[in-house]
Amino acid sequence: MELTDGNVINVLTELLPYIEADGGWLEFVEIDYMEEGAFVKVRLGGACSTCAMSSITLKQGIEARLKQEFAELQGVIQVL
């Protein structure tokens, strides 16, 4: 799948029920093309903003799922 805003939003939308079930929310911010490659920036809020497990959700959940769909993706960055 091509790494576009719309395609990333579609994949993130699949993950929303899991995030929302724990009282959190997830917002797509942008795709950032850095020297190291492409990164997706997201914002986690609600219960996720204070949860100690949010870094695990970000890396093992959100990032892993996006990397399955977008081979060129280097990672996901959480922004405040």
# chains A, B, ... in the order shown; residues from 1 in each chain; ligands from 1
call {"tool": "closest_atom_pairs", "arguments": {"of": "stretch 2-51 of chain A", "to": "stretch 68-72 of chain A", "cutoff": "9 Å", "atoms": "only C-alpha atoms", "output": "CSV"}}
result
residue,atom,partner,partner_atom,distance
A:Glu2,CA,A:Phe70,CA,6.8
A:Leu3,CA,A:Phe70,CA,6.1
A:Val8,CA,A:Phe70,CA,8.7
A:Val11,CA,A:Glu69,CA,8.2
A:Gly37,CA,A:Glu72,CA,7.5
A:Ala38,CA,A:Glu72,CA,6.8
call {"tool": "select_by_dssp", "arguments": {"residues": "stretch 24-69 of chain A", "states": "strand (DSSP E)", "output": "list in words"}}
result
Gly24, Trp25, Leu26, Glu27, Phe28, Val29, Glu30, Ile31, Asp32, Tyr33, Met34, Gly37, Ala38, Phe39, Val40, Lys41, Val42, Arg43, Leu44, Gly45 and Gly46 of chain A
call {"tool": "residues_around", "arguments": {"residues": "A:Thr13", "least_positions_apart": "6", "cutoff": "12 Å", "atoms": "only C-alpha atoms", "output": "ChimeraX atom specification"}}
result
/A:6-7,19-20,25-28,62,65-66
call {"tool": "write_last_selection", "arguments": {"atoms": "N, CA and C atoms", "output": "tab-separated table (two decimals), in the first residue's frame"}}
result
chain	number	residue	atom	x	y	z
A	6	GLY	N	-4.21	9.50	3.61
A	6	GLY	CA	-5.47	8.77	3.60
A	6	GLY	C	-5.31	7.30	3.96
A	7	ASN	N	-4.28	6.66	3.42
A	7	ASN	CA	-4.05	5.25	3.73
A	7	ASN	C	-3.65	5.04	5.19
A	19	ILE	N	-8.09	1.38	21.14
A	19	ILE	CA	-7.63	2.54	21.91
A	19	ILE	C	-8.79	3.12	22.71
A	20	GLU	N	-9.94	3.27	22.06
A	20	GLU	CA	-11.10	3.86	22.71
A	20	GLU	C	-11.66	2.96	23.81
A	25	TRP	N	-7.75	8.09	22.99
A	25	TRP	CA	-8.03	8.48	21.61
A	25	TRP	C	-6.71	8.60	20.87
A	26	LEU	N	-6.81	8.54	19.55
A	26	LEU	CA	-5.65	8.53	18.67
A	26	LEU	C	-5.90	9.50	17.54
A	27	GLU	N	-4.93	10.35	17.27
A	27	GLU	CA	-5.07	11.35	16.21
A	27	GLU	C	-3.85	11.29	15.28
A	28	PHE	N	-4.08	11.19	13.99
A	28	PHE	CA	-3.03	11.28	13.00
A	28	PHE	C	-2.61	12.74	12.89
A	62	ILE	N	0.55	0.23	17.43
A	62	ILE	CA	0.35	1.16	16.31
A	62	ILE	C	1.48	1.05	15.29
A	65	ARG	N	1.56	-2.34	13.39
A	65	ARG	CA	0.48	-2.46	12.40
A	65	ARG	C	0.77	-1.61	11.17
A	66	LEU	N	1.24	-0.39	11.37
A	66	LEU	CA	1.55	0.46	10.22
A	66	LEU	C	2.70	-0.09	9.40
call {"tool": "atom_distance", "arguments": {"atom1": "atom CA of A:Ile9", "atom2": "atom CA of A:Ala52"}}
result
24.8 Å
call {"tool": "residues_around", "arguments": {"residues": "A:Lys59", "least_positions_apart": "5", "cutoff": "12 Å", "atoms": "only C-alpha atoms", "output": "short mmCIF file (atom, residue, chain, number, x, y, z; two decimals) with N, CA and C atoms, in the first residue's frame"}}
result
data_model
loop_
_atom_site.label_atom_id
_atom_site.label_comp_id
_atom_site.auth_asym_id
_atom_site.auth_seq_id
_atom_site.Cartn_x
_atom_site.Cartn_y
_atom_site.Cartn_z
N VAL A 40 5.53 8.36 10.81
CA VAL A 40 4.17 8.83 11.03
C VAL A 40 4.12 9.44 12.43
N VAL A 42 1.76 10.75 15.48
CA VAL A 42 0.42 10.59 16.04
C VAL A 42 0.37 11.26 17.41
N MET A 53 1.63 2.43 29.94
CA MET A 53 1.74 1.46 28.86
C MET A 53 1.61 2.11 27.48
N SER A 54 1.45 3.41 27.41
CA SER A 54 1.22 4.06 26.11
C SER A 54 2.41 3.89 25.17
N ALA A 64 3.75 -1.33 14.83
CA ALA A 64 3.82 -2.66 14.22
C ALA A 64 2.77 -2.82 13.12
N ARG A 65 1.56 -2.34 13.39
CA ARG A 65 0.48 -2.46 12.40
C ARG A 65 0.77 -1.61 11.17
N LEU A 66 1.24 -0.39 11.37
CA LEU A 66 1.55 0.46 10.22
C LEU A 66 2.70 -0.09 9.40
N LYS A 67 3.69 -0.66 10.05
CA LYS A 67 4.82 -1.23 9.32
C LYS A 67 4.41 -2.45 8.49
N GLN A 74 9.65 3.95 8.69
CA GLN A 74 10.73 3.72 9.65
C GLN A 74 10.23 3.65 11.07
N GLY A 75 9.11 4.31 11.37
CA GLY A 75 8.61 4.29 12.73
C GLY A 75 7.47 5.26 12.94
N VAL A 76 7.02 5.28 14.19
CA VAL A 76 5.94 6.16 14.61
C VAL A 76 6.47 7.02 15.74
N ILE A 77 6.14 8.30 15.68
CA ILE A 77 6.57 9.25 16.70
C ILE A 77 5.34 9.82 17.38
N GLN A 78 5.34 9.82 18.71
CA GLN A 78 4.25 10.42 19.46
C GLN A 78 4.55 11.89 19.68
#
call {"tool": "select_by_dssp", "arguments": {"residues": "chain A", "states": "helix (DSSP H, G or I)", "output": "JSON, numbers by chain"}}
result
{"A": [5, 6, 7, 8, 9, 10, 11, 12, 13, 14, 15, 16, 17, 18, 19, 20, 21, 47, 48, 49, 54, 55, 56, 57, 58, 59, 60, 61, 62, 63, 64, 65, 66, 67, 68, 69]}
call {"tool": "write_last_selection", "arguments": {"atoms": "C-alpha atoms", "output": "short mmCIF file (atom, residue, chain, number, x, y, z; two decimals), in the first residue's frame"}}
result
data_model
loop_
_atom_site.label_atom_id
_atom_site.label_comp_id
_atom_site.auth_asym_id
_atom_site.auth_seq_id
_atom_site.Cartn_x
_atom_site.Cartn_y
_atom_site.Cartn_z
CA ASP A 5 -2.23 10.45 4.62
CA GLY A 6 -5.47 8.77 3.60
CA ASN A 7 -4.05 5.25 3.73
CA VAL A 8 -2.46 5.86 7.13
CA ILE A 9 -5.73 7.24 8.47
CA ASN A 10 -7.57 4.15 7.20
CA VAL A 11 -5.19 1.83 9.06
CA LEU A 12 -5.33 3.94 12.22
CA THR A 13 -9.13 3.87 12.03
CA GLU A 14 -8.96 0.07 12.32
CA LEU A 15 -7.07 0.49 15.62
CA LEU A 16 -9.40 3.11 17.14
CA PRO A 17 -11.83 0.67 18.82
CA TYR A 18 -8.96 -0.85 20.82
CA ILE A 19 -7.63 2.54 21.91
CA GLU A 20 -11.10 3.86 22.71
CA ALA A 21 -11.99 0.72 24.70
CA ALA A 47 -6.46 7.78 29.24
CA CYS A 48 -3.49 7.11 26.93
CA SER A 49 -1.87 10.43 27.80
CA SER A 54 1.22 4.06 26.11
CA SER A 55 4.80 3.64 24.81
CA ILE A 56 4.15 -0.09 24.40
CA THR A 57 0.83 0.63 22.66
CA LEU A 58 2.65 3.03 20.36
CA LYS A 59 5.53 0.72 19.41
CA GLN A 60 4.08 -2.79 19.60
CA GLY A 61 0.58 -1.90 18.51
CA ILE A 62 0.35 1.16 16.31
CA GLU A 63 3.85 1.11 14.82
CA ALA A 64 3.82 -2.66 14.22
CA ARG A 65 0.48 -2.46 12.40
CA LEU A 66 1.55 0.46 10.22
CA LYS A 67 4.82 -1.23 9.32
CA GLN A 68 2.84 -4.27 8.13
CA GLU A 69 1.11 -2.06 5.59
#
call {"tool": "atom_distance", "arguments": {"atom1": "atom CA of A:Gly46", "atom2": "atom CA of A:Met34"}}
result
28.5 Å
